[in-house]
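Student: Sending over a structure as structure tokens; questions will come in a sec.
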Amino acid sequence: MARINLLKEKDIELFDNPVELTIEEKKMLFTLEFNSDLEPNLKKGITTVGYILQKGYFLAQKKFFVPNQYRKDDIRYVTELCGLEYHIDILDYKTSIYNKHRVFILNKFGYRSFSECIHLFEKEALELVKTPLRPKELFFSLISFLEEKKIEQPKHYIFAQTIAKSLNLFEQNLVNMIDENLTIVQKKLLDEIMRLPVNDDEVTSKNPYLITKLKRVIQAITPRKIKESIDDFNIIKDMHFHLSNITRLNEISSILNYYAVWVVKAEHIQFDSIRDIERKRLYIVSFIIYQYRIRQDAFADIFLQVVQKYYNTTNKLIANDFLKKDLKPSKQKQLMKIRNIIFSSKKQLEKIKQIIFTNQYGDSEKLKQIKNILGSENESFHDSIIQEIDKLENLGTAALKEELFFKALNNGYRKIHNRIAGILLMLEFNSEMSDLLIISAIKNYQAKNGKITHTAPREFITKNEQKWLFNDNDEFNPQMYKILLFKEISSHIKAGTLNLKFSDKYKSIDDYLISYNRWKLDKKELMDRANINHLSEMEEAMLLLKENMAEHYKKTNENITTNEYLKFNKDNRPRVTTPKLSESTSHFVHEIIGENIYIPLTKILSDTNFSSNFTSSFLHYSRKSSKDSPSENIIYAAIIALGCNIGVRKMGKISTGIGAEIRICSKMVF
């Protein structure tokens with residue numbers, strides 16, 4: 001089994017030996033507190049010193065060390081603490097007594113020995129390797145697991161062996177699972193894809209392997225680049241379709257990114273050098289599934305970006321047009337209406353005056369005729385004038401602006417259609433976890449290859465917007481339908497009511513959670529791993545949370561009178577003021593190094609590394625690599641090559657003592 005580097009040699013040395021303690025730490029850890037159960041074993045000075053040292057080291061590092069590892073200054077400190085005036089040889093600390101003390105210390109602090117819990121440790125390691133965590137991250141996760149479960153920590157080599165064994169076992173299980181689910185036809189297809197060039201000609205730098213071409217995802221939003229991206233995606237889509245029985249396997253969904261990204265980072269010769277064909281198929285299957293997912297996300301990103309930009313541009317355009325719009329004809333028409341209403345009102349008043357001042361009728365008859373004149377109008381002239389004045393006031397604002405906006409949307413149709421009409425045909429949505437109305441419209445669009453007729457679903461469009469689906473001749477406008485469809489899709493994606501089926505960024509929130517079936521089967525184990533067994537009974541858990549919340553409310557209310565950041569206004573509404581941040585002590589770089597001073601980049605990187613040790617965060621991408629990290633100079637060279645756009649190949653040629661190693665460094669993960 002290949003050795004895995006979890007830590008550097010000097011860090012392993014620190015991990016496997018007692019740490020150097022300060023005086024304050026020694027006072028806290030090395031104490032003369034004993035238990036009556038131990039008194040028979042502490043008659044001799046050596047057993048007392050050994051016990052105190054062993055207990056102190058365990059409290060500090062949650063592990064035990066053999067006597068020859070104890071630090072001399074610690075032995076001297078504890079000897080003086082015990083009042084012993086003679087020299088102590090710690091090697092006289094008998095193994096039998098040492099083991100008894102070890103058991104007692106574990107029991108005293110509620111810990112379990114590693115030997116009795118090794119099965120739990122290995123089981124957790126097997127679960128953790130199913131995630132994309134790096135070996136170093138797996139190491140620290142296992143340490144956290146041991147601390148949570150109050151289990152003694154073993155030496156570094158135990159961690160390294162267990163993680164290596166778990167990684168190999170998990171990968172072999174994946175290989176077997178893929179191999180068992182692939183048909184003979186699928187295997188032949190995958191084997192052919194591995195060797196297939198872009199064109200039918202011989203493989204060259206200008207005609208690379210198809211896999212090499214498909215590594216890069218185009219994210220530009222020009223129509224030509226989007227078309228290229230769609231063409232590439234169609235190849236991936238075809239492969240993905242032929243692997244539909246594999247893509248449904250949930251077991252590989254969480255880890256396939258690792259194998260896929262390895263293919264992306266590796267040179268084709270490295271990929272080709274994998275001798276195990278079953279293992280090679282695991283990598284290529286992961287690559288296809290990964291590419292399908294990230295390209296779906298890339299298309300969704302472009303879709304959202306294009307729609308947002310199109311609407312922003314249209315709003316700016318109509319804002320300018322609106323200011324230039326001549327409203328006089330519309331105003332003249334509205335004023336004419338008001339003039340006619342006033343004229344009709346005047347004629348009515350003249351009739352009433354004639355009736356009032358005539359001597360032909362009596363008072364009762366006059367009243368009857370006046371009522372007939374006033375009652376013959378459906379609405380009063382006064383109400384009519386007010387309505388028309390309101391229209392005059394609103395004329396040229398909301399209604400006109402809306403009209404200009406939708407006309408501008410329709411006029412610029414080609415700009416949005418040429419970019420995202422094809423993308424919408426490529427996106428695969430999760431029908432079960434999305435809004436039904438918008439899904440119905442999308443299915444109709446995709447089924448008819450983007451050709452829209454008047455029978456297309458319109459329920460997702462608001463009533464106010466539906467009137468713009470028809471032109472002045474009352475004919476259905478498919479262009480406006482598509483624009484409104486694009487906008488609604490964008491809004492639903494942002495709101496989380498429209499989700500992709502294969503995605504990292506735009507899945508339904510339920511797809512990010514533990515599946516219902518797994519929760520039903522492994523609920524106890526999952527809760528135990530998460531250390532939340534106390535929440536297993538919902539009613540009790542809710543009661544506990546409510547009590548906790550009530551306690552916090554009580555504490556907050558009691559502190560209201562003394563809270564200087566909380567005030568109440570005249571309406572007795574609370575107003576919270578945020579305290580000012582303390583003045584920043586950071587400075588600009590030129591204030592530290594001085595102006596007009598030229599400092600080599602290597603020195604700046606070196607000084608930064610001296611302060612932060614950032615180079616230790618660069619790891620080999622392979623989870624099973626046994627290679628040591630490259631030297632700091634090579635890391636600096638790779639950073640400069642990538643950051644200054646020199647290129648790692650050129651940097652390797654122009655730098656002394658670096659060569660090809662820089663190319664390896666540039667593919668590390670940070």
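Chain labels run A, B, ... following the order of the structure tokens; each chain numbers its residues from 1, and ligands are numbered from 1 in the order shown.
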Please list as a PyMOL selection string every residue within 12 Å of segment 351-361 of chain A, counting only C-alpha atoms and excluding residues in the same chain fewer than 4 positions away.
Tutor: chain A and resi 344-347+365-374
Student: Let's have the selection written as a compact mmCIF listing (two decimals), in the first residue's frame, with N, CA and C atoms.
Tutor:
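Final output, again.txt:
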```txt
# COMPACT_ATOMS: atom_id res chain seq x y z
N SER A 344 -71.35 70.07 -23.28
CA SER A 344 -72.59 69.32 -23.04
C SER A 344 -73.22 69.74 -21.71
N SER A 345 -72.35 69.96 -20.71
CA SER A 345 -72.84 70.38 -19.40
C SER A 345 -73.50 71.75 -19.48
N LYS A 346 -72.93 72.66 -20.30
CA LYS A 346 -73.48 74.02 -20.46
C LYS A 346 -74.85 73.96 -21.13
N LYS A 347 -75.00 73.11 -22.16
CA LYS A 347 -76.27 72.97 -22.86
C LYS A 347 -77.34 72.44 -21.89
N GLU A 365 -94.58 70.49 -12.26
CA GLU A 365 -94.21 70.08 -13.61
C GLU A 365 -92.76 70.45 -13.94
N LYS A 366 -92.37 71.68 -13.47
CA LYS A 366 -90.97 72.10 -13.68
C LYS A 366 -89.99 71.11 -13.03
N LEU A 367 -90.34 70.74 -11.78
CA LEU A 367 -89.46 69.80 -11.04
C LEU A 367 -89.36 68.45 -11.76
N LYS A 368 -90.49 68.02 -12.30
CA LYS A 368 -90.51 66.74 -13.01
C LYS A 368 -89.62 66.77 -14.25
N GLN A 369 -89.68 67.87 -15.02
CA GLN A 369 -88.88 67.98 -16.24
C GLN A 369 -87.38 68.10 -15.92
N ILE A 370 -87.07 68.84 -14.86
CA ILE A 370 -85.65 68.97 -14.46
C ILE A 370 -85.08 67.61 -14.07
N LYS A 371 -85.91 66.83 -13.34
CA LYS A 371 -85.46 65.48 -12.94
C LYS A 371 -85.23 64.61 -14.17
N ASN A 372 -86.09 64.74 -15.17
CA ASN A 372 -85.92 63.95 -16.39
C ASN A 372 -84.61 64.30 -17.11
N ILE A 373 -84.29 65.60 -17.14
CA ILE A 373 -83.05 66.03 -17.80
C ILE A 373 -81.82 65.50 -17.06
N LEU A 374 -81.82 65.67 -15.75
CA LEU A 374 -80.66 65.22 -14.95
C LEU A 374 -80.56 63.70 -14.90
```
Student: Would you mind listing what lies within 12 Å of Gln54 of chain A as a PyMOL selection string, with only C-alpha atoms counted and same-chain residues fewer than 5 positions away left out?
Tutor: chain A and resi 18+29-31+46-49+59-71+74-75+78+90+93+97-106
Student: Dump C-alpha atoms for the selected residues as a short mmCIF file (atom, residue, chain, number, x, y, z; two decimals), in the first residue's frame?
Tutor:
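See again18.cif below for the written result:
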```cif
data_model
loop_
_atom_site.label_atom_id
_atom_site.label_comp_id
_atom_site.auth_asym_id
_atom_site.auth_seq_id
_atom_site.Cartn_x
_atom_site.Cartn_y
_atom_site.Cartn_z
CA PRO A 18 4.62 15.82 23.67
CA LEU A 29 -1.83 20.49 33.41
CA PHE A 30 0.66 19.12 35.95
CA THR A 31 -1.16 19.17 39.29
CA ILE A 46 8.67 7.64 40.17
CA THR A 47 5.03 6.47 39.95
CA THR A 48 3.79 9.87 41.13
CA VAL A 49 5.92 11.75 38.61
CA LEU A 59 -5.22 16.58 28.87
CA ALA A 60 -3.09 18.60 26.44
CA GLN A 61 -3.17 16.27 23.43
CA LYS A 62 -5.77 13.56 24.14
CA LYS A 63 -3.18 10.83 23.61
CA PHE A 64 -0.59 8.87 25.58
CA PHE A 65 3.19 8.81 25.16
CA VAL A 66 5.71 6.23 26.32
CA PRO A 67 8.11 7.37 29.09
CA ASN A 68 11.13 7.80 26.81
CA GLN A 69 9.18 10.52 24.95
CA TYR A 70 8.61 12.65 28.06
CA ARG A 71 10.36 16.02 27.86
CA ASP A 74 8.67 18.59 32.13
CA ILE A 75 10.21 15.76 34.19
CA VAL A 78 7.08 17.70 38.06
CA ILE A 90 11.66 8.17 34.01
CA TYR A 93 8.29 4.02 35.37
CA ILE A 97 1.96 0.74 36.47
CA TYR A 98 1.99 2.91 33.33
CA ASN A 99 -0.86 0.82 31.82
CA LYS A 100 -2.92 0.98 35.04
CA HIS A 101 -2.54 4.75 35.14
CA ARG A 102 -3.54 4.94 31.50
CA VAL A 103 -6.81 3.06 32.13
CA PHE A 104 -7.54 5.21 35.17
CA ILE A 105 -6.95 8.49 33.29
CA LEU A 106 -9.30 7.39 30.50
#
```
Student: Contacts of Tyr77 of chain A at 12 Å or less, counting only C-alpha atoms, minus same-chain residues fewer than 2 places along, as a PyMOL selection string?
Tutor: chain A and resi 21-23+25-27+29-31+49+52-53+70-75+79-85+87-88
Student: Store the residues picked out above in a file with C-alpha atoms, as a tab-separated table (two decimals), in the first residue's frame.
Tutor:
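result_34.tsv was written with the following content:
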```
chain	number	residue	atom	x	y	z
A	21	LEU	CA	4.47	23.72	27.20
A	22	THR	CA	4.67	27.20	28.66
A	23	ILE	CA	4.97	27.75	32.43
A	25	GLU	CA	0.27	25.54	30.75
A	26	LYS	CA	2.43	23.39	33.04
A	27	LYS	CA	0.73	24.88	36.09
A	29	LEU	CA	-1.83	20.49	33.41
A	30	PHE	CA	0.66	19.12	35.95
A	31	THR	CA	-1.16	19.17	39.29
A	49	VAL	CA	5.92	11.75	38.61
A	52	ILE	CA	1.26	13.44	36.73
A	53	LEU	CA	3.17	13.65	33.44
A	70	TYR	CA	8.61	12.65	28.06
A	71	ARG	CA	10.36	16.02	27.86
A	72	LYS	CA	13.27	16.54	30.27
A	73	ASP	CA	12.13	20.01	31.32
A	74	ASP	CA	8.67	18.59	32.13
A	75	ILE	CA	10.21	15.76	34.19
A	79	THR	CA	9.96	16.35	40.20
A	80	GLU	CA	10.29	19.74	41.87
A	81	LEU	CA	6.49	19.99	42.16
A	82	CYS	CA	6.46	16.70	44.11
A	83	GLY	CA	9.23	17.94	46.40
A	84	LEU	CA	11.64	15.20	45.39
A	85	GLU	CA	15.28	16.11	45.94
A	87	HIS	CA	17.17	12.53	40.38
A	88	ILE	CA	14.32	10.66	38.67
```
Student: Using DSSP on the backbone coordinates, identify the residues of segment 464-611 of chain A assigned to strand (DSSP E); present them as a PyMOL selection string.
Tutor: chain A and resi 566-568+574-576
Student: Wanna dump the segment 394-440 of chain A-segment 281-298 of chain A contacts at 8 Å for me, each residue with its shortest atom pair and the distance in Å to one decimal, counting only C-alpha atoms, ordered by chain and number, as a tab-separated table?
Tutor:
```
residue	atom	partner	partner_atom	distance
A:Met426	CA	A:Gln296	CA	7.8
A:Leu427	CA	A:Gln296	CA	6.2
A:Glu428	CA	A:Gln296	CA	7.7
```
Student: Please produce an output containing all heavy atoms for each residue in the selection, written as a CSV table (one decimal), in the first residue's frame.
Tutor:
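Output saved as selection_35.csv:
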```
chain,number,residue,atom,x,y,z
A,426,MET,N,-31.3,23.2,-24.4
A,426,MET,CA,-30.3,22.3,-23.8
A,426,MET,C,-30.5,22.0,-22.3
A,426,MET,O,-30.1,21.0,-21.7
A,426,MET,CB,-28.9,22.9,-23.9
A,426,MET,CG,-28.4,23.1,-25.4
A,426,MET,SD,-28.2,21.6,-26.3
A,426,MET,CE,-29.6,21.7,-27.4
A,427,LEU,N,-31.2,23.0,-21.6
A,427,LEU,CA,-31.3,22.9,-20.2
A,427,LEU,C,-32.3,21.8,-19.8
A,427,LEU,O,-33.4,21.6,-20.4
A,427,LEU,CB,-31.8,24.2,-19.6
A,427,LEU,CG,-30.8,25.3,-19.6
A,427,LEU,CD1,-31.5,26.6,-19.1
A,427,LEU,CD2,-29.6,25.0,-18.7
A,428,GLU,N,-31.9,21.0,-18.8
A,428,GLU,CA,-32.8,19.9,-18.3
A,428,GLU,C,-33.3,20.2,-16.9
A,428,GLU,O,-32.5,20.2,-16.0
A,428,GLU,CB,-32.0,18.5,-18.4
A,428,GLU,CG,-32.9,17.3,-18.1
A,428,GLU,CD,-32.2,16.0,-18.2
A,428,GLU,OE1,-31.0,16.0,-18.7
A,428,GLU,OE2,-32.8,15.0,-17.9
```
Student: Report, in Å to a single decimal, how far apart atom CA of Leu619 of chain A and atom CA of Phe139 of chain A are.
Tutor: 13.8 Å
Student: Pull the helix (DSSP H, G or I) assignments for segment 54-167 of chain A out of DSSP run on the backbone, and list those residues as a VMD selection string.
Tutor: chain A and resid 54 to 61 67 to 69 72 to 81 90 to 92 95 to 108 115 to 128 135 to 148 156 to 167
Student: Could you pull the residues within 12 Å of Leu7 of chain A, counting only C-alpha atoms, minus those fewer than 2 positions along the same chain, as a PyMOL selection string?
Tutor: chain A and resi 3-5+9-16+134-140+156-157+159-160+616-617+619+626-629
Student: Quick check, in Å to one decimal: how far apart do atom CA of Val198 of chain A and atom CA of Phe233 of chain A lie?
Tutor: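 Separating atom CA of Val198 of chain A from atom CA of Phe233 of chain A is a distance of 13.9 Å.
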